[in-house]
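Structure data (mmCIF, C-alpha atoms) from protein-v4.cif:
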```
data_my_file
#
loop_
_atom_site.group_PDB
_atom_site.id
_atom_site.type_symbol
_atom_site.label_atom_id
_atom_site.label_comp_id
_atom_site.auth_asym_id
_atom_site.auth_seq_id
_atom_site.Cartn_x
_atom_site.Cartn_y
_atom_site.Cartn_z
ATOM 1 C CA MET A 1 -6.678 2.026 -16.520
ATOM 2 C CA ILE A 2 -4.350 4.726 -15.232
ATOM 3 C CA ALA A 3 -1.405 2.911 -13.587
ATOM 4 C CA HIS A 4 0.563 5.930 -12.385
ATOM 5 C CA ILE A 5 0.676 9.695 -12.690
ATOM 6 C CA LYS A 6 3.882 11.725 -12.795
ATOM 7 C CA GLY A 7 3.734 15.508 -12.715
ATOM 8 C CA THR A 8 3.696 18.633 -10.555
ATOM 9 C CA VAL A 9 1.452 19.113 -7.531
ATOM 10 C CA VAL A 10 -0.463 22.330 -8.226
ATOM 11 C CA GLU A 11 -3.202 22.227 -5.562
ATOM 12 C CA LYS A 12 -3.892 20.565 -2.213
ATOM 13 C CA PHE A 13 -7.353 20.144 -0.711
ATOM 14 C CA PRO A 14 -7.419 18.993 2.921
ATOM 15 C CA PRO A 15 -7.913 16.444 4.228
ATOM 16 C CA SER A 16 -6.454 14.247 1.474
ATOM 17 C CA SER A 17 -6.919 15.380 -2.124
ATOM 18 C CA ILE A 18 -4.413 16.923 -4.549
ATOM 19 C CA ILE A 19 -4.287 17.967 -8.179
ATOM 20 C CA VAL A 20 -1.279 16.861 -10.209
ATOM 21 C CA ASP A 21 -0.611 18.718 -13.479
ATOM 22 C CA VAL A 22 0.612 16.417 -16.254
ATOM 23 C CA GLY A 23 1.289 18.297 -19.469
ATOM 24 C CA GLY A 24 -1.481 20.811 -18.842
ATOM 25 C CA VAL A 25 -4.054 18.262 -17.656
ATOM 26 C CA GLY A 26 -4.928 18.252 -13.946
ATOM 27 C CA TYR A 27 -5.665 14.916 -12.281
ATOM 28 C CA GLU A 28 -7.380 14.951 -8.894
ATOM 29 C CA ILE A 29 -5.963 12.189 -6.711
ATOM 30 C CA ASN A 30 -7.124 11.038 -3.273
ATOM 31 C CA LEU A 31 -4.199 10.172 -0.992
ATOM 32 C CA THR A 32 -3.675 8.546 2.379
ATOM 33 C CA THR A 33 -3.114 10.957 5.239
ATOM 34 C CA LEU A 34 0.611 10.158 5.356
ATOM 35 C CA ASP A 35 1.129 10.718 1.609
ATOM 36 C CA PHE A 36 -0.916 13.936 1.744
ATOM 37 C CA GLU A 37 1.241 15.313 4.590
ATOM 38 C CA ASN A 38 4.451 14.403 2.732
ATOM 39 C CA THR A 39 3.357 16.095 -0.518
ATOM 40 C CA ASN A 40 4.201 19.753 -1.106
ATOM 41 C CA LEU A 41 2.912 22.235 -3.664
ATOM 42 C CA ASN A 42 5.071 22.604 -6.790
ATOM 43 C CA ASP A 43 6.851 19.298 -6.114
ATOM 44 C CA GLY A 44 7.486 16.950 -9.003
ATOM 45 C CA THR A 45 5.925 13.683 -7.936
ATOM 46 C CA LYS A 46 4.829 10.219 -9.036
ATOM 47 C CA PHE A 47 1.893 8.309 -7.611
ATOM 48 C CA TYR A 48 0.824 4.758 -8.406
ATOM 49 C CA THR A 49 -2.911 5.012 -8.950
ATOM 50 C CA TYR A 50 -6.038 2.961 -8.639
ATOM 51 C CA HIS A 51 -8.855 4.129 -10.936
ATOM 52 C CA SER A 52 -12.214 3.512 -9.279
ATOM 53 C CA ILE A 53 -15.249 3.586 -11.564
ATOM 54 C CA ARG A 54 -18.711 3.450 -10.051
ATOM 55 C CA GLU A 55 -22.142 4.163 -11.410
ATOM 56 C CA ASN A 56 -22.044 7.840 -10.432
ATOM 57 C CA ALA A 57 -18.346 8.640 -9.973
ATOM 58 C CA GLU A 58 -14.819 8.097 -11.238
ATOM 59 C CA GLU A 59 -12.013 8.631 -8.740
ATOM 60 C CA LEU A 60 -8.252 8.203 -8.633
ATOM 61 C CA TYR A 61 -6.565 6.929 -5.484
ATOM 62 C CA GLY A 62 -2.821 7.524 -5.291
ATOM 63 C CA PHE A 63 0.039 5.836 -3.449
ATOM 64 C CA SER A 64 3.695 6.797 -3.150
ATOM 65 C CA THR A 65 4.774 3.136 -3.319
ATOM 66 C CA LEU A 66 3.672 0.108 -5.294
ATOM 67 C CA VAL A 67 3.517 -1.866 -2.030
ATOM 68 C CA ALA A 68 0.878 0.537 -0.675
ATOM 69 C CA LYS A 69 -1.162 0.233 -3.876
ATOM 70 C CA LYS A 70 -1.086 -3.572 -3.772
ATOM 71 C CA LEU A 71 -2.121 -3.543 -0.092
ATOM 72 C CA PHE A 72 -4.987 -1.188 -1.004
ATOM 73 C CA GLU A 73 -6.103 -3.583 -3.756
ATOM 74 C CA LEU A 74 -6.090 -6.429 -1.229
ATOM 75 C CA LEU A 75 -8.132 -4.346 1.227
ATOM 76 C CA ILE A 76 -10.836 -3.455 -1.290
ATOM 77 C CA SER A 77 -11.126 -7.112 -2.328
ATOM 78 C CA VAL A 78 -12.702 -7.733 1.094
ATOM 79 C CA GLN A 79 -16.508 -7.677 1.049
ATOM 80 C CA GLY A 80 -17.769 -4.444 2.614
ATOM 81 C CA ILE A 81 -14.474 -2.554 2.228
ATOM 82 C CA GLY A 82 -14.686 0.038 -0.528
ATOM 83 C CA PRO A 83 -12.023 2.490 -1.679
ATOM 84 C CA LYS A 84 -12.823 5.058 1.024
ATOM 85 C CA ALA A 85 -12.584 2.466 3.806
ATOM 86 C CA GLY A 86 -9.385 1.074 2.252
ATOM 87 C CA MET A 87 -7.842 4.560 2.271
ATOM 88 C CA ALA A 88 -8.999 5.074 5.874
ATOM 89 C CA ILE A 89 -7.246 1.851 6.908
ATOM 90 C CA LEU A 90 -4.052 2.828 5.073
ATOM 91 C CA SER A 91 -4.235 6.270 6.700
ATOM 92 C CA LEU A 92 -3.887 4.711 10.165
ATOM 93 C CA ALA A 93 -0.116 4.241 9.789
ATOM 94 C CA SER A 94 2.534 3.286 7.256
ATOM 95 C CA PRO A 95 1.666 0.440 4.858
ATOM 96 C CA GLU A 96 4.132 -1.792 6.717
ATOM 97 C CA GLU A 97 2.397 -1.182 10.047
ATOM 98 C CA VAL A 98 -1.018 -1.867 8.487
ATOM 99 C CA ARG A 99 0.347 -5.052 6.907
ATOM 100 C CA ASN A 100 1.741 -6.126 10.281
ATOM 101 C CA ALA A 101 -1.576 -5.427 12.005
ATOM 102 C CA ILE A 102 -3.363 -7.660 9.492
ATOM 103 C CA ALA A 103 -0.682 -10.374 9.721
ATOM 104 C CA ASN A 104 -0.901 -10.280 13.530
ATOM 105 C CA ALA A 105 -4.738 -10.352 13.503
ATOM 106 C CA ASP A 106 -4.952 -6.986 15.271
ATOM 107 C CA SER A 107 -8.593 -6.155 14.515
ATOM 108 C CA VAL A 108 -8.600 -3.450 17.213
ATOM 109 C CA PHE A 109 -6.018 -1.488 15.213
ATOM 110 C CA ILE A 110 -7.912 -1.928 11.919
ATOM 111 C CA SER A 111 -11.239 -0.907 13.510
ATOM 112 C CA LYS A 112 -9.744 2.506 14.409
ATOM 113 C CA ALA A 113 -10.118 3.517 10.747
ATOM 114 C CA SER A 114 -12.951 5.921 10.005
ATOM 115 C CA GLY A 115 -16.005 4.027 8.770
ATOM 116 C CA VAL A 116 -14.595 0.591 9.643
ATOM 117 C CA GLY A 117 -16.400 -1.231 12.430
ATOM 118 C CA LYS A 118 -15.402 -4.252 14.465
ATOM 119 C CA LYS A 119 -17.065 -6.764 12.109
ATOM 120 C CA SER A 120 -15.463 -5.225 9.015
ATOM 121 C CA ALA A 121 -12.057 -5.212 10.717
ATOM 122 C CA GLU A 122 -12.444 -8.887 11.613
ATOM 123 C CA ARG A 123 -13.460 -9.672 8.015
ATOM 124 C CA VAL A 124 -10.278 -7.917 6.788
ATOM 125 C CA ILE A 125 -8.202 -10.074 9.140
ATOM 126 C CA VAL A 126 -9.909 -13.333 8.120
ATOM 127 C CA ASP A 127 -9.717 -12.620 4.380
ATOM 128 C CA LEU A 128 -6.190 -11.162 4.226
ATOM 129 C CA LYS A 129 -4.147 -12.668 7.059
ATOM 130 C CA ASP A 130 -2.721 -15.383 4.801
ATOM 131 C CA LYS A 131 -2.197 -12.996 1.872
ATOM 132 C CA VAL A 132 -0.013 -10.295 3.448
ATOM 133 C CA GLY A 133 3.022 -12.349 4.429
ATOM 134 C CA ILE A 134 4.729 -13.234 7.668
ATOM 135 C CA PRO A 135 4.285 -10.638 10.420
ATOM 136 C CA SER A 136 7.164 -8.707 11.888
ATOM 137 C CA HIS A 137 7.245 -7.444 15.476
ATOM 138 C CA TYR A 138 4.271 -5.238 16.159
ATOM 139 C CA GLY A 139 2.981 -3.742 19.398
ATOM 140 C CA THR A 140 2.054 -6.288 22.037
ATOM 141 C CA THR A 141 1.302 -9.032 19.532
ATOM 142 C CA LYS A 142 3.336 -12.162 20.141
ATOM 143 C CA ALA A 143 6.455 -12.199 17.971
ATOM 144 C CA PRO A 144 6.464 -15.013 15.391
ATOM 145 C CA GLU A 145 9.333 -17.451 14.970
ATOM 146 C CA LYS A 146 10.482 -15.805 11.737
ATOM 147 C CA THR A 147 9.982 -12.129 10.996
ATOM 148 C CA ILE A 148 10.116 -10.049 7.847
ATOM 149 C CA LYS A 149 10.527 -6.288 7.881
ATOM 150 C CA LEU A 150 9.466 -4.758 4.587
ATOM 151 C CA ASP A 151 11.128 -1.592 3.385
ATOM 152 C CA GLU A 152 8.335 0.383 1.756
ATOM 153 C CA LYS A 153 10.793 2.029 -0.653
ATOM 154 C CA ASP A 154 12.403 -1.308 -1.553
ATOM 155 C CA GLU A 155 12.839 -1.218 -5.323
ATOM 156 C CA ALA A 156 13.447 -4.977 -5.450
ATOM 157 C CA LEU A 157 10.057 -5.594 -3.806
ATOM 158 C CA ASP A 158 8.404 -3.169 -6.242
ATOM 159 C CA ALA A 159 10.104 -4.987 -9.148
ATOM 160 C CA LEU A 160 8.830 -8.407 -8.028
ATOM 161 C CA ILE A 161 5.307 -7.056 -7.578
ATOM 162 C CA ALA A 162 5.502 -5.463 -11.029
ATOM 163 C CA LEU A 163 6.475 -8.892 -12.378
ATOM 164 C CA GLY A 164 3.226 -10.270 -10.979
ATOM 165 C CA PHE A 165 4.300 -11.724 -7.638
ATOM 166 C CA PRO A 166 1.714 -11.372 -4.843
ATOM 167 C CA LEU A 167 2.882 -9.289 -1.870
ATOM 168 C CA LYS A 168 3.252 -12.355 0.366
ATOM 169 C CA GLU A 169 5.467 -14.291 -2.058
ATOM 170 C CA ALA A 170 7.539 -11.235 -2.995
ATOM 171 C CA SER A 171 8.258 -10.364 0.641
ATOM 172 C CA SER A 172 9.083 -13.990 1.481
ATOM 173 C CA ALA A 173 11.422 -14.298 -1.523
ATOM 174 C CA LEU A 174 13.396 -11.210 -0.448
ATOM 175 C CA ALA A 175 13.435 -12.003 3.276
ATOM 176 C CA ASP A 176 16.796 -13.797 3.392
ATOM 177 C CA ILE A 177 18.580 -11.862 0.642
ATOM 178 C CA ASP A 178 21.307 -9.389 1.636
ATOM 179 C CA LYS A 179 19.900 -5.842 1.395
ATOM 180 C CA THR A 180 23.327 -4.408 0.526
ATOM 181 C CA LEU A 181 23.261 -6.119 -2.878
ATOM 182 C CA SER A 182 22.115 -4.173 -5.930
ATOM 183 C CA VAL A 183 18.409 -4.172 -6.782
ATOM 184 C CA GLU A 184 19.078 -6.255 -9.888
ATOM 185 C CA GLU A 185 21.032 -8.889 -7.951
ATOM 186 C CA ARG A 186 18.380 -9.107 -5.205
ATOM 187 C CA VAL A 187 15.644 -9.601 -7.831
ATOM 188 C CA ARG A 188 17.772 -12.197 -9.641
ATOM 189 C CA GLN A 189 18.317 -14.176 -6.426
ATOM 190 C CA ALA A 190 14.640 -13.915 -5.458
ATOM 191 C CA LEU A 191 13.598 -15.272 -8.863
ATOM 192 C CA LYS A 192 15.881 -18.312 -8.358
ATOM 193 C CA LYS A 193 13.976 -19.346 -5.190
#
```
Let me see whether you can do it: turn the structure in this file into structure tokens.
Amino acid sequence: MIAHIKGTVVEKFPPSSIIVDVGGVGYEINLTTLDFENTNLNDGTKFYTYHSIRENAEELYGFSTLVAKKLFELLISVQGIGPKAGMAILSLASPEEVRNAIANADSVFISKASGVGKKSAERVIVDLKDKVGIPSHYGTTKAPEKTIKLDEKDEALDALIALGFPLKEASSALADIDKTLSVEERVRQALKK
């Protein structure tokens, strides 16, 4: 399994595919719309990857954050949601906004993804609502009693996920810890909970 790819972006193919050169080997990676727009030619970059192997194809799906990759893995665990539909859902908005939509049972938002109908969106909500953590404020959805706002570039969250914590538990463990502390101290305090 290819866990991540670090190299130079040498080609971009709209709407969402790039080639990253790693020591003379080019890896084609499919990205979300947001990651594709934020990637420039000749940039040194690192993407967390999901290696999809099917009967007639092998594809790499890339994510700028570990949080996005873990959310993608949750999405494709839902019956009827394959990698392309998972990428379409993550292309709707930032991973945090997609997570909030799922946590707030906003199937209308999820069904806006290309190739995802109303029934599939509802299945995503039913299967993942309890796995994505406590919702934060989102649109017109009623605000919960306690909210968590994930920082998608939060290294402490990435560290907990890398240690094997599910997204829900990792976000809950970091919710009440001061964000001004060092990454190491935040992880240490989260592990004590």
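Every residue that the PyMOL selection byres ((chain A and resi 125) around 9) selects in this file is listed here: Ala101, Ile102, Ala103, Asn104, Ala105, Asp106, Ser107, Ile110, Ser120, Ala121, Glu122, Arg123, Val124, Val126, Asp127, Leu128, Lys129 and Asp130 of chain A.
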Just-selected residues, C-alpha atoms written as a CSV table (one decimal), in the frame of the given file:
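Saved the output as again_5.csv:
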```csv
chain,number,residue,atom,x,y,z
A,101,ALA,CA,-1.6,-5.4,12.0
A,102,ILE,CA,-3.4,-7.7,9.5
A,103,ALA,CA,-0.7,-10.4,9.7
A,104,ASN,CA,-0.9,-10.3,13.5
A,105,ALA,CA,-4.7,-10.4,13.5
A,106,ASP,CA,-5.0,-7.0,15.3
A,107,SER,CA,-8.6,-6.2,14.5
A,110,ILE,CA,-7.9,-1.9,11.9
A,120,SER,CA,-15.5,-5.2,9.0
A,121,ALA,CA,-12.1,-5.2,10.7
A,122,GLU,CA,-12.4,-8.9,11.6
A,123,ARG,CA,-13.5,-9.7,8.0
A,124,VAL,CA,-10.3,-7.9,6.8
A,126,VAL,CA,-9.9,-13.3,8.1
A,127,ASP,CA,-9.7,-12.6,4.4
A,128,LEU,CA,-6.2,-11.2,4.2
A,129,LYS,CA,-4.1,-12.7,7.1
A,130,ASP,CA,-2.7,-15.4,4.8
```
I'd like the contact shell of Lys12 (chain A) - 9 Å cut-off, all atoms listed in the file, skipping same-chain residues fewer than 5 positions apart - returned as a count of residues only.
7
Excluding same-chain residues fewer than 4 positions from Thr65 (chain A), what lies within 10 Å of it counting all atoms listed in the file, as a PDB file with C-alpha atoms, keeping the file's coordinate frame?
```
ATOM      1  CA  ASP A  35       1.129  10.718   1.609  1.00  0.00           C
ATOM      2  CA  LYS A  46       4.829  10.219  -9.036  1.00  0.00           C
ATOM      3  CA  PHE A  47       1.893   8.309  -7.611  1.00  0.00           C
ATOM      4  CA  TYR A  48       0.824   4.758  -8.406  1.00  0.00           C
ATOM      5  CA  THR A  49      -2.911   5.012  -8.950  1.00  0.00           C
ATOM      6  CA  LYS A  69      -1.162   0.233  -3.876  1.00  0.00           C
ATOM      7  CA  LYS A  70      -1.086  -3.572  -3.772  1.00  0.00           C
ATOM      8  CA  PRO A  95       1.666   0.440   4.858  1.00  0.00           C
ATOM      9  CA  GLU A 152       8.335   0.383   1.756  1.00  0.00           C
ATOM     10  CA  LYS A 153      10.793   2.029  -0.653  1.00  0.00           C
ATOM     11  CA  ASP A 154      12.403  -1.308  -1.553  1.00  0.00           C
ATOM     12  CA  GLU A 155      12.839  -1.218  -5.323  1.00  0.00           C
ATOM     13  CA  ASP A 158       8.404  -3.169  -6.242  1.00  0.00           C
TER      14      ASP A 158
END
```
Could you tell me which residues the PyMOL selection byres ((chain A and resi 93) around 12) grabs in this file, written as number ranges by chain?
A: 32-35, 68, 87-92, 94-101, 109-110, 112-113
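In this model, the gap between CA of Ile2 (chain A) and CA of His51 (chain A) comes to 6.3 Å.
The space between CA of Lys168 (chain A) and CA of Ser16 (chain A) spans 28.3 Å.
Going from CA of Asp21 (chain A) to CA of Ala57 (chain A) covers 20.7 Å.
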